[in-house]
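Trainee: Below is one structure. I have some questions about it.
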Amino acid sequence: MKARILTGVAAAALLCGIVPARADDDPPARVGRLADVSGAVSLRPDPAQPWAVAARNQPVTSGMSLWTEPQARAALEIGPAELHLGDQAELDIQRLDDQAFVAQLGQGSVNIDIADLQAGETWTVDTPRGTVTLDRPGEYRIDAGTTQDPTQVVVFSGEAQIAGGPDGPVDIQGGETGVAGGSDPFSYTLAQSADHSPLDDWADGRIRAASATPRYVSRAMTGYQDLDAAGTWHETPTYGTVWYPTDVPADWVPYRYGRWDHDDRWGWTWVDDQPWGFAPFHYGRWARVDDRWGWVPGPVEAHPVYAPALVSFFAGAAVGAAITAAADSHPIGWYPLGPGETYRPPYRVSDTYVRNVNVTNIRNVEINRINNTVTNIHNGPTTIVEDGANRRFATVVPAQVLAGRQPVAHAALPVAADQLDHARLTPVAALPHPEAPAAGQ
């Protein structure tokens, strides 16, 4: 295996492909996942961009908004929490990270189920008649209300507060409903009941069908809920506990059945076709074990760090004449990173971020207290691996497939494994610029 040995800040810079940033500039470690869509649901990346059709497995982060049409619903997972939007609801997410969730519910209803809260983590939702704070794990429903209908905070379990009235915050206990009515100043009352709505029944059904307690991964890992139903866990002598998907096509390869999307925070981001296709493509590594693909989540960490796609790209002239002849003049390819292989973020990040995004899968990594760079404590300086274990299973497509956010599987080019074994990698900077999203994306 080829390797270049680099030390100190230079290693971290090349790992990122760019000059390291300050930790304050890093993208958030936690994201949400659009886990279920029923009916017409739209997503807006930020207030300056237009609304677009939302799709399952899209990552959701600060600045994004969700909108549901009549008769539509949407489910959003954020680690151990799930949010369920009813029809004609608008949710503007102002902050989403490890420390806080802050959103504005402009209209409609949202059911929120929080299975766990980290120390110091806060959840607040602004409504037309006050700010709701969710103080404990539990199940809640917030109805924004209208000019005719009151704002309601229904606490099935847990504890909440609503603030904004003249008499200060109102505490709402499990089994109670806080009601805010009128116009400013608002009037707040408590009802000794917590009635279920059809949205609550839908939310409860989804939660019961998912994994209540994750196995072998952290509860902070977004998307873990689908793993037990969609695959099996087995212990291996080489990688420890490995998860195997049970229902995939015969020629299935990780990062082939889906499409690429583009986000200004992370760049090119993988959106998988499989209903379970979030956690295994944004955390951990993939390995061939006994002629089948297995996902290796790595050691359980309190705060796993999201990545847009854990792959190595190669492209353009650097792919080599054999691949160019087999494809077109501008092919681009990628393969899933294997266990122990370092992820090199193609977006501006700090040295601390490089360490954190890799630490769950590079077991012998620690942060150097002096220069804050990633260091392998057993093998000396950080090694940048050019030839990954999974390179012969790479997917190669014409560059416009990635740039145009087109489905990958049907566009994949037939490139022999021995050609892939000899392909040279190109810096991530060579990836194409995104084209405008096509209609319906």
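Chain labels run A, B, ... following the order of the structure tokens; each chain numbers its residues from 1, and ligands are numbered from 1 in the order shown.
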Using DSSP assignments from the backbone, pull out every residue in segment 75-310 of chain A that falls under strand (DSSP E) and give it to me as a VMD selection string.

Mentor: chain A and resid 75 to 78 81 to 85 90 to 96 100 to 107 109 to 114 122 to 127 130 to 134 138 to 143 151 to 157 159 to 163 170 to 173 176 to 181 187 to 191 231 to 236 240 to 245 258 to 263 267 to 272 285 to 289 292 to 296

Trainee: Would you export the selected residues with C-alpha atoms as a compact mmCIF listing (two decimals), in the first residue's frame, please?

Mentor:
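So selection33.txt came out as:
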# COMPACT_ATOMS: atom_id res chain seq x y z
CA ALA A 75 -40.54 12.62 10.07
CA LEU A 76 -37.19 14.08 11.10
CA GLU A 77 -34.67 12.15 13.21
CA ILE A 78 -31.97 13.88 15.24
CA ALA A 81 -35.08 12.40 19.04
CA GLU A 82 -37.83 12.28 16.43
CA LEU A 83 -39.97 15.13 15.13
CA HIS A 84 -43.17 14.47 13.20
CA LEU A 85 -44.76 17.26 11.19
CA GLU A 90 -43.84 25.04 8.53
CA LEU A 91 -40.78 24.44 10.70
CA ASP A 92 -37.78 26.79 10.41
CA ILE A 93 -34.68 25.29 12.04
CA GLN A 94 -32.49 28.05 13.42
CA ARG A 95 -29.92 25.92 15.26
CA LEU A 96 -29.21 22.20 15.24
CA ALA A 100 -29.18 22.79 21.14
CA PHE A 101 -32.19 22.53 18.89
CA VAL A 102 -33.88 25.86 18.20
CA ALA A 103 -36.75 26.14 15.72
CA GLN A 104 -39.76 28.23 14.84
CA LEU A 105 -43.13 26.60 14.20
CA GLY A 106 -44.93 29.16 12.06
CA GLN A 107 -48.04 27.07 11.53
CA SER A 109 -48.36 20.92 14.43
CA VAL A 110 -45.22 19.01 15.38
CA ASN A 111 -44.98 15.92 17.59
CA ILE A 112 -41.58 15.71 19.31
CA ASP A 113 -40.31 12.55 21.01
CA ILE A 114 -37.00 12.99 22.87
CA THR A 122 -31.60 22.48 25.25
CA TRP A 123 -34.67 22.27 23.00
CA THR A 124 -36.78 25.35 22.24
CA VAL A 125 -39.53 25.99 19.72
CA ASP A 126 -40.88 29.49 19.02
CA THR A 127 -44.62 29.71 18.32
CA GLY A 130 -44.55 32.28 22.98
CA THR A 131 -41.40 30.19 23.25
CA VAL A 132 -41.71 26.54 24.27
CA THR A 133 -38.84 24.92 26.18
CA LEU A 134 -38.69 21.14 26.49
CA GLY A 138 -40.54 12.86 26.82
CA GLU A 139 -43.24 13.10 24.18
CA TYR A 140 -44.80 16.43 23.25
CA ARG A 141 -47.06 18.02 20.66
CA ILE A 142 -46.98 21.70 19.80
CA ASP A 143 -49.84 23.27 17.83
CA THR A 151 -51.52 27.73 20.58
CA GLN A 152 -51.24 24.45 22.50
CA VAL A 153 -48.37 22.60 24.16
CA VAL A 154 -49.42 19.03 24.91
CA VAL A 155 -47.14 17.11 27.30
CA PHE A 156 -47.78 13.36 27.15
CA SER A 157 -44.64 12.75 29.22
CA GLU A 159 -41.95 18.60 31.28
CA ALA A 160 -42.22 21.83 29.26
CA GLN A 161 -42.50 25.57 29.70
CA ILE A 162 -44.11 28.25 27.58
CA ALA A 163 -42.96 31.84 27.99
CA VAL A 170 -45.91 28.55 32.65
CA ASP A 171 -44.79 25.02 33.64
CA ILE A 172 -46.57 22.13 31.93
CA GLN A 173 -46.25 18.65 33.48
CA GLU A 176 -51.25 18.48 30.96
CA THR A 177 -51.84 20.87 28.08
CA GLY A 178 -50.73 24.48 28.07
CA VAL A 179 -53.07 26.77 26.14
CA ALA A 180 -52.06 30.24 24.92
CA GLY A 181 -54.80 32.38 23.41
CA SER A 187 -53.50 34.56 28.10
CA TYR A 188 -52.11 31.24 29.41
CA THR A 189 -54.16 28.45 31.01
CA LEU A 190 -53.56 24.80 31.90
CA ALA A 191 -55.83 21.87 31.03
CA GLY A 231 -30.01 -5.99 8.77
CA THR A 232 -28.24 -8.31 11.18
CA TRP A 233 -25.32 -7.83 13.57
CA HIS A 234 -22.47 -10.34 13.79
CA GLU A 235 -19.20 -10.43 15.67
CA THR A 236 -16.08 -10.78 13.50
CA GLY A 240 -15.56 -6.51 15.90
CA THR A 241 -19.33 -6.14 15.56
CA VAL A 242 -20.43 -5.69 11.93
CA TRP A 243 -23.87 -4.88 10.53
CA TYR A 244 -24.99 -6.62 7.28
CA PRO A 245 -27.95 -5.31 5.22
CA GLY A 258 -28.55 6.78 -4.69
CA ARG A 259 -27.44 10.20 -5.87
CA TRP A 260 -25.17 13.08 -4.93
CA ASP A 261 -26.55 16.34 -3.61
CA HIS A 262 -24.65 19.52 -2.81
CA ASP A 263 -24.67 21.50 0.42
CA GLY A 267 -20.04 20.08 -0.44
CA TRP A 268 -21.02 16.86 -2.21
CA THR A 269 -23.30 14.80 0.03
CA TRP A 270 -24.57 11.26 -0.55
CA VAL A 271 -28.35 10.63 -0.47
CA ASP A 272 -29.04 6.89 -0.48
CA ARG A 285 -16.69 2.33 7.36
CA TRP A 286 -17.58 -0.50 4.95
CA ALA A 287 -15.70 -3.80 4.52
CA ARG A 288 -15.98 -6.97 2.45
CA VAL A 289 -16.42 -9.82 4.92
CA ARG A 292 -20.56 -9.63 1.37
CA TRP A 293 -20.64 -6.03 2.45
CA GLY A 294 -20.69 -5.20 6.13
CA TRP A 295 -20.84 -1.85 7.88
CA VAL A 296 -18.33 -1.31 10.68

Trainee: What lies within 9 Å of Phe278 of chain A using only C-alpha atoms, ignoring chain neighbours under 6 positions off, as a list of chain:residue names?

Mentor: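 Counting only the stated atoms, we get A:Arg33, A:Ala35, A:Asn57, A:Gln58, A:Pro59, A:Thr222, A:Gly223, A:Tyr224, A:Trp270, A:Val271, A:Asp272.
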
Trainee: Enter the distance from atom CA of His330 of chain A to atom CA of Val401 of chain A, in Å, rounded to one decimal.

Mentor: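 Result for atom CA of His330 of chain A versus atom CA of Val401 of chain A: 10.7 Å, one decimal.
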
Trainee: Could you pull the residues within 10 Å of Ala72 of chain A, counting only C-alpha atoms, minus those fewer than 4 positions along the same chain, as a PyMOL selection string?

Mentor: chain A and resi 37-41+67-68+85-89

Trainee: Tell me, as a list in words, which residues lie within 9 Å of Trp334 of chain A, counting only C-alpha atoms; anything in the same chain fewer than 2 positions away does not count.

Mentor: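 Here the qualifying residues turn out to be Tyr255, Val311, Ser312, Phe313, Phe314, Ala315, Ile332, Pro336, Arg391, Phe393, Ala394, Thr395 and Val396 of chain A.
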
Trainee: DSSP on the backbone, helix (DSSP H, G or I) only: what residues of segment 52-231 of chain A does that give? Format it as a PyMOL selection string.

Mentor: chain A and resi 198-209+224-230

Trainee: How about saving the chosen residues, N, CA and C atoms kept, as a tab-separated table (two decimals), in the first residue's frame?

Mentor:
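What landed in part_32.tsv:
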chain	number	residue	atom	x	y	z
A	198	PRO	N	-54.46	12.45	15.40
A	198	PRO	CA	-53.97	11.51	14.39
A	198	PRO	C	-52.46	11.63	14.16
A	199	LEU	N	-51.91	12.84	14.28
A	199	LEU	CA	-50.46	13.00	14.12
A	199	LEU	C	-49.72	12.24	15.22
A	200	ASP	N	-50.22	12.31	16.45
A	200	ASP	CA	-49.58	11.60	17.55
A	200	ASP	C	-49.64	10.09	17.34
A	201	ASP	N	-50.76	9.60	16.84
A	201	ASP	CA	-50.89	8.17	16.57
A	201	ASP	C	-49.90	7.72	15.50
A	202	TRP	N	-49.71	8.56	14.47
A	202	TRP	CA	-48.74	8.24	13.41
A	202	TRP	C	-47.33	8.22	13.98
A	203	ALA	N	-47.03	9.20	14.80
A	203	ALA	CA	-45.70	9.26	15.40
A	203	ALA	C	-45.44	8.05	16.29
A	204	ASP	N	-46.41	7.69	17.12
A	204	ASP	CA	-46.23	6.54	18.01
A	204	ASP	C	-46.03	5.25	17.23
A	205	GLY	N	-46.74	5.10	16.12
A	205	GLY	CA	-46.57	3.91	15.29
A	205	GLY	C	-45.19	3.81	14.70
A	206	ARG	N	-44.65	4.93	14.26
A	206	ARG	CA	-43.29	4.94	13.71
A	206	ARG	C	-42.26	4.59	14.78
A	207	ILE	N	-42.41	5.16	15.95
A	207	ILE	CA	-41.43	4.94	17.01
A	207	ILE	C	-41.45	3.49	17.47
A	208	ARG	N	-42.66	2.90	17.58
A	208	ARG	CA	-42.75	1.49	18.00
A	208	ARG	C	-42.10	0.57	16.98
A	209	ALA	N	-42.18	0.93	15.68
A	209	ALA	CA	-41.61	0.08	14.63
A	209	ALA	C	-40.10	0.19	14.55
A	224	TYR	N	-29.91	5.63	13.47
A	224	TYR	CA	-29.72	4.27	13.98
A	224	TYR	C	-31.03	3.49	14.06
A	225	GLN	N	-32.16	4.17	14.08
A	225	GLN	CA	-33.43	3.51	14.36
A	225	GLN	C	-33.79	2.42	13.35
A	226	ASP	N	-33.29	2.51	12.12
A	226	ASP	CA	-33.67	1.54	11.08
A	226	ASP	C	-32.78	0.31	11.03
A	227	LEU	N	-31.69	0.28	11.74
A	227	LEU	CA	-30.67	-0.74	11.51
A	227	LEU	C	-31.14	-2.14	11.86
A	228	ASP	N	-31.76	-2.33	13.02
A	228	ASP	CA	-32.13	-3.69	13.44
A	228	ASP	C	-33.14	-4.33	12.50
A	229	ALA	N	-34.08	-3.54	11.98
A	229	ALA	CA	-35.11	-4.10	11.09
A	229	ALA	C	-34.56	-4.39	9.70
A	230	ALA	N	-33.50	-3.70	9.30
A	230	ALA	CA	-33.01	-3.82	7.92
A	230	ALA	C	-31.76	-4.66	7.77
